[in-house]
Each structure stands twice: as structure tokens, then as C-alpha cells.
file final25.cif (mmCIF, C-alpha atoms)
data_data
#
loop_
_atom_site.label_atom_id
_atom_site.label_comp_id
_atom_site.auth_asym_id
_atom_site.auth_seq_id
_atom_site.Cartn_x
_atom_site.Cartn_y
_atom_site.Cartn_z
CA MET A 1 114.47 46.02 140.37
CA ARG A 2 116.79 43.38 141.67
CA GLU A 3 115.71 40.60 143.99
CA PRO A 4 117.27 40.76 147.45
CA GLY A 5 120.32 38.54 147.67
CA GLN A 6 120.85 38.48 143.93
CA ASP A 7 123.97 40.57 143.56
CA GLN A 8 125.26 38.99 140.42
CA GLY A 9 123.65 38.43 137.04
CA VAL A 10 120.44 39.67 135.51
CA SER A 11 117.14 38.08 136.29
CA THR A 12 114.49 37.24 133.70
CA ARG A 13 112.27 39.82 135.32
CA ASP A 14 114.92 42.51 134.81
CA VAL A 15 115.19 41.57 131.15
CA ASP A 16 111.42 41.67 130.72
CA ALA A 17 111.24 45.08 132.40
CA MET A 18 114.04 46.44 130.22
CA LEU A 19 112.46 45.05 127.09
CA GLY A 20 109.17 46.58 128.10
CA GLU A 21 110.80 49.94 128.60
CA LEU A 22 112.57 49.63 125.30
CA VAL A 23 109.34 48.86 123.48
CA ALA A 24 107.63 51.81 125.16
CA LEU A 25 110.54 54.06 124.27
CA ARG A 26 110.50 52.95 120.65
CA ARG A 27 106.77 53.57 120.47
CA GLU A 28 107.27 57.04 121.92
CA VAL A 29 110.00 57.82 119.40
CA ALA A 30 107.79 56.56 116.57
CA ASP A 31 104.86 58.65 117.82
CA GLN A 32 107.01 61.74 118.04
CA ARG A 33 108.30 61.15 114.54
CA THR A 34 104.73 60.80 113.26
CA GLN A 35 103.76 64.03 114.99
CA ALA A 36 106.79 65.81 113.62
CA VAL A 37 105.96 64.68 110.08
CA ALA A 38 102.35 65.79 110.53
CA ALA A 39 103.46 69.17 111.87
CA ASP A 40 105.83 69.53 108.96
CA ARG A 41 103.10 68.81 106.43
CA GLN A 42 100.85 71.26 108.22
CA LEU A 43 103.53 73.95 107.99
CA GLU A 44 103.86 73.25 104.28
CA ARG A 45 100.13 73.83 103.96
CA TYR A 46 100.53 77.15 105.76
CA ALA A 47 103.27 78.10 103.33
CA ALA A 48 101.05 77.14 100.38
CA ASP A 49 98.18 79.27 101.68
CA LEU A 50 100.57 82.16 102.33
CA ARG A 51 101.86 81.91 98.77
CA ALA A 52 98.33 81.80 97.37
CA THR A 53 97.34 84.78 99.49
CA PHE A 54 100.39 86.71 98.33
CA VAL A 55 99.68 86.03 94.65
CA ALA A 56 96.00 86.93 95.04
CA GLU A 57 96.94 90.11 96.88
CA ARG A 58 99.41 91.12 94.19
CA GLU A 59 96.84 90.48 91.46
CA ARG A 60 94.27 92.52 93.32
CA THR A 61 96.73 95.37 93.68
CA GLN A 62 97.55 95.28 89.98
CA ALA A 63 93.87 95.15 89.05
CA LEU A 64 93.22 98.08 91.36
CA GLN A 65 96.10 100.03 89.83
CA ARG A 66 94.74 99.34 86.34
CA SER A 67 91.29 100.52 87.31
CA TYR A 68 92.76 103.66 88.90
CA MET A 69 94.58 104.35 85.65
CA ALA A 70 91.47 103.67 83.55
CA THR A 71 89.43 105.99 85.76
CA VAL A 72 92.03 108.74 85.52
CA ARG A 73 92.23 108.34 81.74
CA ALA A 74 88.46 108.53 81.45
CA LEU A 75 88.48 111.80 83.39
CA SER A 76 91.38 113.08 81.33
CA ASN A 77 89.62 112.10 78.10
CA ALA A 78 86.51 113.94 79.26
CA VAL A 79 88.58 117.13 79.52
CA GLU A 80 90.31 116.56 76.19
CA ALA A 81 87.11 115.67 74.34
CA ARG A 82 86.00 119.26 74.77
CA ASP A 83 89.16 120.67 73.33
CA ALA A 84 89.50 120.29 69.59
CA TYR A 85 93.09 121.37 69.17
CA THR A 86 95.04 119.89 72.05
CA GLY A 87 94.49 116.34 70.84
CA LYS A 88 96.37 114.01 73.13
CA HIS A 89 97.97 116.86 75.04
CA ALA A 90 97.53 115.29 78.48
CA GLU A 91 98.98 111.95 77.35
CA ARG A 92 102.04 113.63 75.84
CA VAL A 93 102.58 115.93 78.80
CA ALA A 94 102.38 112.94 81.12
CA ALA A 95 105.01 111.13 79.02
CA TYR A 96 107.28 114.20 78.89
CA GLY A 97 106.79 114.74 82.61
CA LEU A 98 107.82 111.18 83.48
CA GLU A 99 110.92 111.48 81.26
CA ILE A 100 111.93 114.76 82.88
CA ALA A 101 111.30 113.40 86.38
CA ARG A 102 113.48 110.39 85.59
CA ALA A 103 116.21 112.61 84.17
CA ALA A 104 116.08 114.77 87.29
CA GLY A 105 116.61 111.59 89.30
CA SER A 106 113.78 112.76 91.49
CA GLU A 107 111.77 110.44 93.67
CA VAL A 108 108.77 111.91 91.85
CA ALA A 109 109.32 109.41 89.03
CA GLY A 110 108.68 106.53 91.42
CA HIS A 111 105.22 107.73 92.41
CA PRO A 112 102.58 106.37 90.04
CA GLU A 113 100.07 108.97 91.18
CA ILE A 114 102.23 111.72 89.71
CA GLU A 115 101.34 110.48 86.24
CA PHE A 116 97.70 110.81 87.30
CA GLY A 117 98.38 114.44 88.19
CA PHE A 118 99.99 115.08 84.80
CA LEU A 119 96.99 113.53 83.05
CA LEU A 120 94.42 115.44 85.10
CA HIS A 121 96.16 118.82 85.36
CA ASP A 122 93.44 120.69 83.44
CA ILE A 123 90.38 118.92 84.83
CA GLY A 124 89.28 122.21 86.42
CA LYS A 125 88.65 123.55 82.92
CA VAL A 126 85.34 121.65 82.83
CA ALA A 127 84.02 124.53 84.92
CA ILE A 128 85.20 127.23 82.49
CA PRO A 129 82.55 128.35 79.95
CA ASP A 130 83.30 127.66 76.28
CA ALA A 131 83.00 131.39 75.55
CA ILE A 132 86.06 132.02 77.72
CA LEU A 133 87.97 128.82 77.04
CA TYR A 134 87.80 129.23 73.24
CA LYS A 135 87.75 133.00 73.01
CA PRO A 136 90.15 133.99 70.23
CA GLU A 137 90.55 137.55 71.51
CA PRO A 138 92.46 138.41 74.67
CA LEU A 139 90.46 137.78 77.85
CA SER A 140 89.02 140.60 79.93
CA VAL A 141 90.24 140.99 83.51
CA GLU A 142 87.13 139.29 84.81
CA GLU A 143 87.42 136.44 82.30
CA ARG A 144 91.07 135.97 83.15
CA ARG A 145 90.26 135.87 86.83
CA LEU A 146 87.79 133.05 86.18
CA MET A 147 90.17 131.22 83.84
CA GLU A 148 92.91 131.30 86.45
CA ARG A 149 90.68 129.57 88.96
CA HIS A 150 90.83 126.28 87.01
CA PRO A 151 93.71 124.81 89.07
CA VAL A 152 91.78 125.45 92.30
CA ILE A 153 88.55 124.09 90.82
CA GLY A 154 90.43 121.02 89.56
CA CYS A 155 91.90 120.39 92.98
CA GLU A 156 88.43 120.71 94.52
CA ILE A 157 86.95 118.27 92.02
CA LEU A 158 89.55 115.67 92.95
CA ARG A 159 89.59 116.43 96.66
CA ASP A 160 88.08 113.19 97.93
CA ILE A 161 89.95 110.80 95.64
CA TYR A 162 92.45 109.55 98.17
CA PHE A 163 94.53 107.51 95.72
CA LEU A 164 95.51 110.65 93.81
CA GLY A 165 97.68 111.80 96.72
CA GLU A 166 100.40 114.13 95.41
CA ALA A 167 98.67 114.30 92.03
CA LYS A 168 96.36 116.91 93.49
CA ALA A 169 99.36 119.15 94.17
CA VAL A 170 100.21 119.00 90.44
CA VAL A 171 96.65 120.00 89.56
CA ARG A 172 96.67 122.95 91.94
CA SER A 173 100.19 124.22 91.24
CA HIS A 174 100.72 123.51 87.54
CA HIS A 175 100.53 127.21 86.64
CA GLU A 176 102.92 128.41 89.31
CA ARG A 177 106.20 129.93 88.13
CA TRP A 178 109.65 129.67 89.68
CA ASP A 179 109.89 133.45 90.11
CA GLY A 180 106.58 133.62 92.01
CA THR A 181 104.53 135.28 89.25
CA GLY A 182 102.32 132.25 88.60
CA TYR A 183 98.88 131.37 89.95
CA PRO A 184 96.80 130.50 91.95
CA ASP A 185 98.98 130.76 95.07
CA SER A 186 101.95 132.82 93.75
CA LEU A 187 104.29 130.16 95.10
CA ARG A 188 107.99 130.78 94.59
CA GLY A 189 110.93 128.42 93.98
CA THR A 190 110.86 125.24 96.01
CA GLU A 191 107.55 126.25 97.60
CA ILE A 192 106.14 124.86 94.37
CA PRO A 193 105.72 121.07 94.65
CA LEU A 194 108.48 119.29 92.74
CA ALA A 195 106.05 117.39 90.51
CA ALA A 196 104.44 120.70 89.51
CA ARG A 197 107.87 122.17 88.63
CA VAL A 198 108.52 119.13 86.45
CA PHE A 199 105.10 119.52 84.90
CA ALA A 200 105.68 123.18 83.97
CA VAL A 201 108.57 122.22 81.67
CA ALA A 202 106.63 119.31 80.15
CA ASP A 203 103.56 121.47 79.52
CA THR A 204 105.53 124.24 77.83
CA LEU A 205 107.43 121.74 75.73
CA ASP A 206 104.19 120.27 74.41
CA ALA A 207 102.61 123.67 73.82
CA LEU A 208 105.63 124.78 71.79
CA THR A 209 106.00 121.63 69.71
CA THR A 210 102.36 121.21 68.64
CA ASP A 211 100.35 123.31 66.21
CA ARG A 212 97.97 125.80 67.79
CA PRO A 213 95.34 127.94 66.05
CA TYR A 214 97.45 131.04 66.60
CA ARG A 215 100.87 129.65 65.61
CA ARG A 216 102.70 126.74 64.03
CA ALA A 217 104.63 124.17 66.03
CA SER A 218 108.24 125.04 66.83
CA PRO A 219 110.96 122.52 66.02
CA PRO A 220 112.17 120.64 69.13
CA ALA A 221 115.55 122.38 69.18
CA GLU A 222 113.87 125.77 69.19
CA ALA A 223 111.50 124.70 71.95
CA ARG A 224 114.48 123.58 73.97
CA THR A 225 116.14 126.97 73.52
CA ILE A 226 113.01 128.79 74.66
CA ILE A 227 112.75 126.62 77.77
CA VAL A 228 116.40 127.20 78.63
CA GLN A 229 115.85 130.95 78.27
CA ASP A 230 113.05 130.77 80.83
CA SER A 231 115.13 128.80 83.33
CA GLY A 232 115.09 130.63 86.65
CA SER A 233 112.11 132.80 85.69
CA HIS A 234 109.38 130.37 84.64
CA PHE A 235 111.18 127.11 85.42
CA ASP A 236 113.24 125.49 88.17
CA PRO A 237 116.86 125.68 86.86
CA ASP A 238 117.65 122.17 88.17
CA ILE A 239 114.73 120.72 86.28
CA VAL A 240 115.77 122.53 83.09
CA THR A 241 119.32 121.18 83.49
CA ALA A 242 117.91 117.66 83.81
CA PHE A 243 115.62 118.27 80.85
CA GLN A 244 118.60 119.18 78.67
CA THR A 245 120.17 115.77 79.26
CA ILE A 246 117.21 113.99 77.64
CA ASP A 247 117.90 112.54 74.23
CA GLU A 248 116.18 114.40 71.39
CA GLY A 249 114.88 111.12 69.96
CA VAL A 250 113.01 110.28 73.15
CA LEU A 251 111.13 113.56 73.06
CA GLU A 252 110.48 113.23 69.33
CA ARG A 253 108.96 109.78 69.78
CA ILE A 254 106.58 111.16 72.42
CA ARG A 255 105.65 114.07 70.13
CA ARG A 256 104.80 111.65 67.35
CA GLU A 257 102.79 109.58 69.83
CA GLU A 258 104.94 106.57 69.14
CA ARG A 259 105.12 105.66 72.75
CA MET B 1 68.96 74.50 129.93
CA THR B 2 69.67 77.04 132.66
CA THR B 3 70.42 80.62 131.69
CA SER B 4 74.02 81.54 132.29
CA PRO B 5 75.51 85.05 132.66
CA PRO B 6 76.97 86.63 129.51
CA ARG B 7 80.39 85.25 128.81
CA THR B 8 83.16 85.68 126.32
CA ARG B 9 82.67 83.36 123.40
CA SER B 10 85.34 80.77 123.36
CA VAL B 11 87.02 78.23 121.14
CA VAL B 12 88.52 74.98 122.39
CA VAL B 13 91.35 73.54 120.32
CA VAL B 14 91.91 69.83 120.90
CA ASP B 15 94.92 68.05 119.42
CA ASP B 16 97.52 65.74 120.92
CA SER B 17 100.22 67.40 118.85
CA GLU B 18 101.53 70.44 120.67
CA ALA B 19 102.96 71.83 117.41
CA ILE B 20 99.59 71.70 115.64
CA ARG B 21 97.82 73.12 118.67
CA HIS B 22 100.19 76.07 118.75
CA LEU B 23 99.78 76.67 115.03
CA ILE B 24 96.01 76.77 115.36
CA LEU B 25 96.11 79.03 118.40
CA ALA B 26 98.54 81.39 116.68
CA THR B 27 96.31 81.43 113.60
CA LEU B 28 93.15 82.24 115.55
CA GLU B 29 94.65 84.86 117.82
CA ASP B 30 92.60 88.07 117.62
CA VAL B 31 90.21 86.57 115.08
CA GLY B 32 86.55 87.08 115.85
CA GLY B 33 87.14 88.10 119.46
CA PHE B 34 87.14 84.54 120.76
CA GLU B 35 88.86 83.42 123.91
CA LEU B 36 91.06 80.45 123.06
CA PHE B 37 91.56 77.28 125.09
CA GLU B 38 93.54 74.14 124.40
CA ALA B 39 93.40 70.50 125.35
CA SER B 40 95.64 67.61 124.38
CA ASP B 41 93.15 64.74 124.47
CA GLY B 42 89.44 63.94 124.62
CA GLU B 43 89.19 63.65 128.39
CA GLU B 44 90.82 66.99 128.93
CA ALA B 45 88.63 68.48 126.20
CA LEU B 46 85.40 67.33 127.84
CA GLU B 47 86.38 68.72 131.20
CA LEU B 48 87.43 72.03 129.65
CA ALA B 49 84.37 72.32 127.41
CA ARG B 50 81.93 71.80 130.30
CA ARG B 51 83.62 74.68 132.07
CA VAL B 52 84.01 77.24 129.25
CA ARG B 53 80.98 76.25 127.11
CA PRO B 54 82.68 76.97 123.80
CA ALA B 55 80.98 78.27 120.69
CA LEU B 56 83.39 76.17 118.67
CA VAL B 57 85.42 73.04 119.29
CA LEU B 58 88.20 72.06 116.90
CA LEU B 59 88.61 68.38 117.53
CA ASP B 60 91.39 66.15 116.24
CA ILE B 61 90.09 62.70 115.35
CA HIS B 62 93.16 60.72 116.49
CA MET B 63 94.11 61.20 120.12
CA PRO B 64 95.23 59.06 123.05
CA ARG B 65 92.97 58.31 126.04
CA LEU B 66 89.76 59.49 124.38
CA ASP B 67 89.69 59.99 120.63
CA GLY B 68 87.87 62.69 118.70
CA VAL B 69 84.89 60.57 117.67
CA GLU B 70 84.05 59.54 121.22
CA ALA B 71 84.74 63.02 122.58
CA CYS B 72 82.38 64.45 119.95
CA ARG B 73 79.64 61.99 120.91
CA ARG B 74 79.95 62.97 124.57
CA LEU B 75 80.05 66.69 123.83
CA ARG B 76 76.77 66.23 121.97
CA ALA B 77 75.31 64.42 124.96
CA LEU B 78 76.20 67.05 127.55
CA PRO B 79 73.71 69.91 128.06
CA GLU B 80 76.53 72.45 128.51
CA THR B 81 78.23 71.57 125.26
CA ARG B 82 75.65 70.12 122.91
CA GLY B 83 75.07 73.50 121.19
CA ALA B 84 78.72 74.00 120.28
CA ARG B 85 79.82 74.00 116.67
CA ILE B 86 82.14 71.01 116.37
CA VAL B 87 84.73 70.87 113.62
CA MET B 88 86.55 67.58 113.29
CA LEU B 89 90.12 67.54 112.09
CA THR B 90 90.37 64.32 110.14
CA GLY B 91 92.93 62.50 108.12
CA THR B 92 92.20 61.65 104.54
CA GLY B 93 89.67 58.88 104.07
CA ILE B 94 85.91 58.84 103.79
CA ASP B 95 85.57 56.40 106.72
CA GLN B 96 86.97 58.95 109.18
CA GLU B 97 84.56 61.57 107.98
CA GLU B 98 81.62 59.19 108.24
CA ALA B 99 82.59 58.21 111.78
CA ALA B 100 82.88 61.86 112.77
CA ARG B 101 79.59 62.73 111.11
CA ALA B 102 77.87 59.86 112.91
CA ALA B 103 79.27 61.18 116.20
CA GLY B 104 77.67 64.58 115.54
CA ALA B 105 80.43 66.74 114.09
CA ASP B 106 79.17 69.69 112.03
CA LEU B 107 82.08 70.17 109.70
CA PHE B 108 85.40 68.67 108.70
CA LEU B 109 88.83 70.00 108.00
CA THR B 110 91.10 67.46 106.41
CA LYS B 111 94.65 67.46 107.74
CA PRO B 112 96.86 69.08 106.71
CA PHE B 113 94.12 71.70 106.80
CA SER B 114 94.11 75.00 104.96
CA PRO B 115 94.69 77.82 107.46
CA LEU B 116 92.63 80.09 105.20
CA ASP B 117 89.67 77.69 105.49
CA LEU B 118 90.11 77.70 109.25
CA LEU B 119 90.12 81.49 109.35
CA ARG B 120 87.06 81.71 107.10
CA LEU B 121 85.21 79.24 109.27
CA VAL B 122 85.98 81.04 112.51
CA SER B 123 85.25 84.51 111.16
CA GLU B 124 81.94 83.28 109.73
CA LEU B 125 81.09 81.85 113.10
CA SER B 126 82.01 85.09 114.85
CA ALA B 127 79.68 86.98 112.50
CA GLN B 128 76.73 85.01 113.79
CA ASP B 129 74.88 86.63 116.64
CA GLU B 130 74.12 84.12 119.31
CA PRO B 131 76.60 81.28 119.79
CA GLY B 132 75.52 77.72 120.25
CA GLU B 133 71.81 78.39 119.60
CA ASP B 134 71.56 78.17 115.80
CA PRO B 135 71.36 74.77 114.28
CA PRO B 136 74.58 74.03 112.49
CA ASP B 137 74.39 74.70 108.77
CA GLN B 138 76.67 72.53 106.70
CA SER B 139 76.07 74.48 103.51
CA ARG B 140 77.70 77.56 104.93
CA PHE B 141 81.08 75.93 104.91
CA PRO B 142 81.41 73.17 102.35
CA ARG B 143 84.16 70.69 102.89
CA PRO B 144 87.24 71.64 100.78
#

call {"tool": "encode", "arguments": {"input": "final25.cif", "output": "C-alpha cells"}}
result
Amino acid sequence: MREPGQDQGVSTRDVDAMLGELVALRREVADQRTQAVAADRQLERYAADLRATFVAERERTQALQRSYMATVRALSNAVEARDAYTGKHAERVAAYGLEIARAAGSEVAGHPEIEFGFLLHDIGKVAIPDAILYKPEPLSVEERRLMERHPVIGCEILRDIYFLGEAKAVVRSHHERWDGTGYPDSLRGTEIPLAARVFAVADTLDALTTDRPYRRASPPAEARTIIVQDSGSHFDPDIVTAFQTIDEGVLERIRREER
Amino acid sequence: MTTSPPRTRSVVVVDDSEAIRHLILATLEDVGGFELFEASDGEEALELARRVRPALVLLDIHMPRLDGVEACRRLRALPETRGARIVMLTGTGIDQEEAARAAGADLFLTKPFSPLDLLRLVSELSAQDEPGEDPPDQSRFPRP
């Protein structure tokens, strides 16, 4: 404020007032800077906690995935332990199945639970009596009827395991055939879940290329020929086409359990 | 103490930094079903706390007008607010913590505080049945 009658010059009081304002302003700026720095450091702490949470979450997910896999393998081993001749059948079929799914470029390959389905496909066999499962002679009608319930039983056993997802479809439909003559639901063509169509080729491949009590193993090339012959009847032709693009060496390594 | 009608449990966040206040409010949104209130200094905090009777007060130690230590002492003296859980937001330094403890704060979060610690603290508090009645238990939330 200027004194009345003082039109020219700046009074001492004016200077003091201006200086006072300046000091206050500088203090305000300094305070704001301090607050901004504090807020910045606080945000960094948020980022650090977010990072830690993310890492912990990822580790938990991986640990969970490993325990899912271990659980599935334990179940699969329980089925295999009963069966003297199939050896590591489920492991090999799972490996073949993943290769075929990849070759088919199908989104099936990207679903980890599909491997679970491949591993557990025969879990329903735990409910089949030894006398039927290992009967060397042909099965009676009644025995066959019971035997062919194993996909349904398997699906029932796994019903409440939510993380198996699509894997349950593999278990239920792994004996369906492209031409509709399979079981248990007589599904035809693309009615059969894709993963189950992939599985059918993998399962036959393993059956043909391993020794069984009733016949010797076929060489891989011969197995391939047999599968191609059954394209369109037993198997999805697109899956067979994809299967044929797989390098012989890859399949051989799986057969020798070198994976 | 007079009996009051059932009310929503509330949290009062007191900090002179608007940025920090907003961070805390955003962090605690929808956590534990608390109603959230904010104040920018001790005076405002006291007035607000008498009105809303918070279960929890997050109190910055450094504030203009009335700082956190004095505000804490007065909250402890008021019948409406003495039962509140008071968490002091301190800088580093044992002297600040001792001053806050002497004023009656239950717990400390050292700035910059861990938002995860804050969330743990508030969700633990929300798990307790009756707000403001239990004696504060330091062991439940050890200082980081």
C-alpha cells in the first residue's frame, strides 16, 4: 500500500511488505517441493510393492502349476502301476499329443490342461476288474459293455477337479472315432473335441510302436502308414495331415523316452 | 460413554500433502467396508474425528497448525475418539516414533510407507468385531 500523497518512489514499508511476500512465497515453493519429493518417494514405494506382489503372484502361480502337474502325474502313475505292459504309455502319448497339436497349429497346444487330459485318459480303468482288463481272450458282450464305460467313469472321477477344464473332454471322448463308430457317445467328426481327435492319433501311434503281449512293435514308418490309411475313418484327416509333417526323429526320441 | 446408534465404521486419513492423502484413500477404497474421511491438518482432524468417531486414524506426524503428536494426544483425551486405533505416519528416526508413542499412538508406518503394510493393517482391523473397544495390540502388527 502506498501512503496518500506519495506518488513517486517506493517507501520502506512497501519494500518490507514485498520482501515479506517474497519470503512467504519462497517458503511456499520450498514446501511444495518437499511435498512433491515426498509424494514421489511414496509412489516409488508403491511401485516397489507392486513389483514384489507381481513376483510373488507369479511364483505362486508356477508353484500351483507344478503341484497340479505332480498331482496329475500321481494319478496317471496310479493307473499305469496296474498295467504291466504299457510302461510309460501315458507319458509318451502326452508327448506325442503335444507334438501333433503343435503341428496342427491348434490352440489346443497352448492349453496346459490338455496335457493333463492326455496323461489321465485311462483313469476310468481303475474301475474295470483285472479279469476283464487283462483277459487274453476276446471279451464277452457284457464285458465289452463294461470296458467301454471307462471313459465315462474317468470323466466322473475327475468331475470336480476344476483345473482340469478341457482335459475332462479328452478323458470322455478319447475312444470316439471320426466316422462316428467310437464310444461312449458315438460322436462324429468335429463333434469330437479337438484335443480328443489329436489324442486318438497319438494313442494309436504309441500302441503300434510299442511291444504288446499279442504282437511286436511296428516300425515307425509302418505305424505312420497305418494311421494314414485310417484317416477319415478313425482319425480327423486334418490332424493326420499335420501328423505327417512331424519329423521322424522327434517321434523316435519320444518312443525311446529320450524326452 | 454414551451409547450411540450403529454407524458405519470409518477411517480418517490426516496428511497435509494432498498427493499422499489421495494415494492412501485410493489404496483403502473398498477395503474392509470402511467409510473414508480426510483432513489436511490436526485441527481439522480433531473436528472430523469427534463427528465420525473413526475406528482408525492415520495421522501424519508433520503438519501445519496442529501436528500429529499433539493431535494424537488430544484424540486420546476426547471421549468420542479415545478408543480409535491411531497409526502415526512418521519419518525415519527413533525420536519421532518415541514422541508419537508417548502421545498414545498404537502403531507406526514409516514414510514412505509400504502400501501392502497399510492394506494388511486395515484388513486386520476390519476383521475385528467391535471397533474402538478392544485395547490396541501392538504385537498384531509389528513395525516394519

call {"tool": "resolve_selection", "arguments": {"input": "final25.cif", "expression": "the PyMOL selection byres ((chain A) within 10 of (chain B))", "output": "PyMOL selection string"}}
result
chain A and resi 31-32+34-36+38-50+52-53

call {"tool": "residues_around", "arguments": {"input": "final25.cif", "residues": "Gly42 of chain B", "least_positions_apart": "3", "cutoff": "7 Å", "atoms": "all atoms listed in the file", "output": "list of chain:residue names"}}
result
B:Ala45, B:Leu46, B:Arg65, B:Leu66, B:Asp67, B:Gly68, B:Ala71

call {"tool": "closest_residue", "arguments": {"input": "final25.cif", "among": "B:Ser123, B:Asp15, B:Arg50, B:Arg9", "to": "Leu89 of chain B", "atoms": "only C-alpha atoms"}}
result
B:Asp15

call {"tool": "atom_distance", "arguments": {"input": "final25.cif", "atom1": "atom CA of Val122 of chain B", "atom2": "atom CA of Leu109 of chain B"}}
result
12.3 Å

call {"tool": "atom_distance", "arguments": {"input": "final25.cif", "atom1": "atom CA of His89 of chain A", "atom2": "atom CA of Gln65 of chain A"}}
result
22.5 Å

call {"tool": "atom_distance", "arguments": {"input": "final25.cif", "atom1": "atom CA of Asp206 of chain A", "atom2": "atom CA of Arg255 of chain A"}}
result
7.7 Å

call {"tool": "residues_around", "arguments": {"input": "final25.cif", "residues": "Val108 of chain A", "least_positions_apart": "4", "cutoff": "10 Å", "atoms": "only C-alpha atoms", "output": "list in words"}}
result
Gly97, Leu98, Ile100, Ala101, Arg102, Ala104, Pro112, Glu113, Ile114, Glu115, Glu166, Leu194, Ala195 and Val198 of chain A

call {"tool": "resolve_selection", "arguments": {"input": "final25.cif", "expression": "the PyMOL selection byres ((chain B and resi 59) around 6)", "output": "PDB file with C-alpha atoms, keeping the file's coordinate frame"}}
result
ATOM      1  CA  VAL B  14      91.910  69.830 120.900  1.00  0.00           C
ATOM      2  CA  VAL B  57      85.420  73.040 119.290  1.00  0.00           C
ATOM      3  CA  LEU B  58      88.200  72.060 116.900  1.00  0.00           C
ATOM      4  CA  ASP B  60      91.390  66.150 116.240  1.00  0.00           C
ATOM      5  CA  GLY B  68      87.870  62.690 118.700  1.00  0.00           C
ATOM      6  CA  MET B  88      86.550  67.580 113.290  1.00  0.00           C
ATOM      7  CA  LEU B  89      90.120  67.540 112.090  1.00  0.00           C
TER       8      LEU B  89
END

call {"tool": "resolve_selection", "arguments": {"input": "final25.cif", "expression": "the PyMOL selection byres ((chain B and resi 74) around 12)", "output": "VMD selection string"}}
result
chain B and resid 42 to 43 45 to 47 49 to 50 66 to 73 75 to 82 84 86 103 to 105

call {"tool": "decode", "arguments": {"input": "final25.cif", "residues": "segment 109-116 of chain B", "atoms": "all heavy atoms", "output": "CSV table (one decimal), in the first residue's frame"}}
result
chain,number,residue,atom,x,y,z
B,109,LEU,N,3.8,-46.3,10.8
B,109,LEU,CA,4.2,-46.6,9.5
B,109,LEU,C,5.2,-45.6,9.1
B,109,LEU,O,5.0,-44.4,9.2
B,109,LEU,CB,3.0,-46.5,8.5
B,109,LEU,CG,2.0,-47.7,8.5
B,109,LEU,CD1,0.9,-47.4,7.5
B,109,LEU,CD2,2.7,-49.0,8.2
B,110,THR,N,6.4,-46.0,8.7
B,110,THR,CA,7.4,-45.1,8.4
B,110,THR,C,7.3,-44.7,6.9
B,110,THR,O,7.2,-45.5,6.1
B,110,THR,CB,8.8,-45.8,8.6
B,110,THR,OG1,8.9,-46.3,9.9
B,110,THR,CG2,9.9,-44.7,8.4
B,111,LYS,N,7.3,-43.4,6.7
B,111,LYS,CA,7.2,-42.9,5.3
B,111,LYS,C,8.6,-42.9,4.6
B,111,LYS,O,9.6,-42.6,5.2
B,111,LYS,CB,6.7,-41.4,5.4
B,111,LYS,CG,5.2,-41.2,5.5
B,111,LYS,CD,4.9,-39.8,5.5
B,111,LYS,CE,3.5,-39.5,5.2
B,111,LYS,NZ,3.2,-38.0,5.0
B,112,PRO,N,8.6,-43.3,3.3
B,112,PRO,CA,7.5,-43.7,2.6
B,112,PRO,C,7.0,-45.1,3.0
B,112,PRO,O,7.8,-46.0,3.1
B,112,PRO,CB,8.0,-43.8,1.1
B,112,PRO,CG,9.5,-43.9,1.3
B,112,PRO,CD,9.9,-43.3,2.5
B,113,PHE,N,5.7,-45.2,3.3
B,113,PHE,CA,5.2,-46.5,3.9
B,113,PHE,C,4.9,-47.5,2.8
B,113,PHE,O,4.8,-47.1,1.6
B,113,PHE,CB,3.9,-46.2,4.7
B,113,PHE,CG,2.8,-45.7,3.8
B,113,PHE,CD1,1.9,-46.5,3.1
B,113,PHE,CD2,2.6,-44.3,3.7
B,113,PHE,CE1,0.9,-46.0,2.3
B,113,PHE,CE2,1.6,-43.8,2.9
B,113,PHE,CZ,0.7,-44.7,2.2
B,114,SER,N,4.9,-48.7,3.2
B,114,SER,CA,4.6,-49.8,2.3
B,114,SER,C,3.0,-49.9,2.2
B,114,SER,O,2.3,-50.1,3.2
B,114,SER,CB,5.1,-51.2,2.8
B,114,SER,OG,4.4,-52.2,2.3
B,115,PRO,N,2.5,-49.7,1.0
B,115,PRO,CA,1.1,-49.8,0.8
B,115,PRO,C,0.5,-51.2,1.2
B,115,PRO,O,-0.6,-51.3,1.7
B,115,PRO,CB,0.8,-49.6,-0.7
B,115,PRO,CG,2.1,-49.7,-1.4
B,115,PRO,CD,3.2,-49.4,-0.3
B,116,LEU,N,1.4,-52.2,1.0
B,116,LEU,CA,0.9,-53.6,1.4
B,116,LEU,C,0.7,-53.7,3.0
B,116,LEU,O,-0.2,-54.2,3.5
B,116,LEU,CB,1.9,-54.6,1.0
B,116,LEU,CG,1.9,-55.0,-0.5
B,116,LEU,CD1,3.1,-56.0,-0.8
B,116,LEU,CD2,0.6,-55.7,-0.8
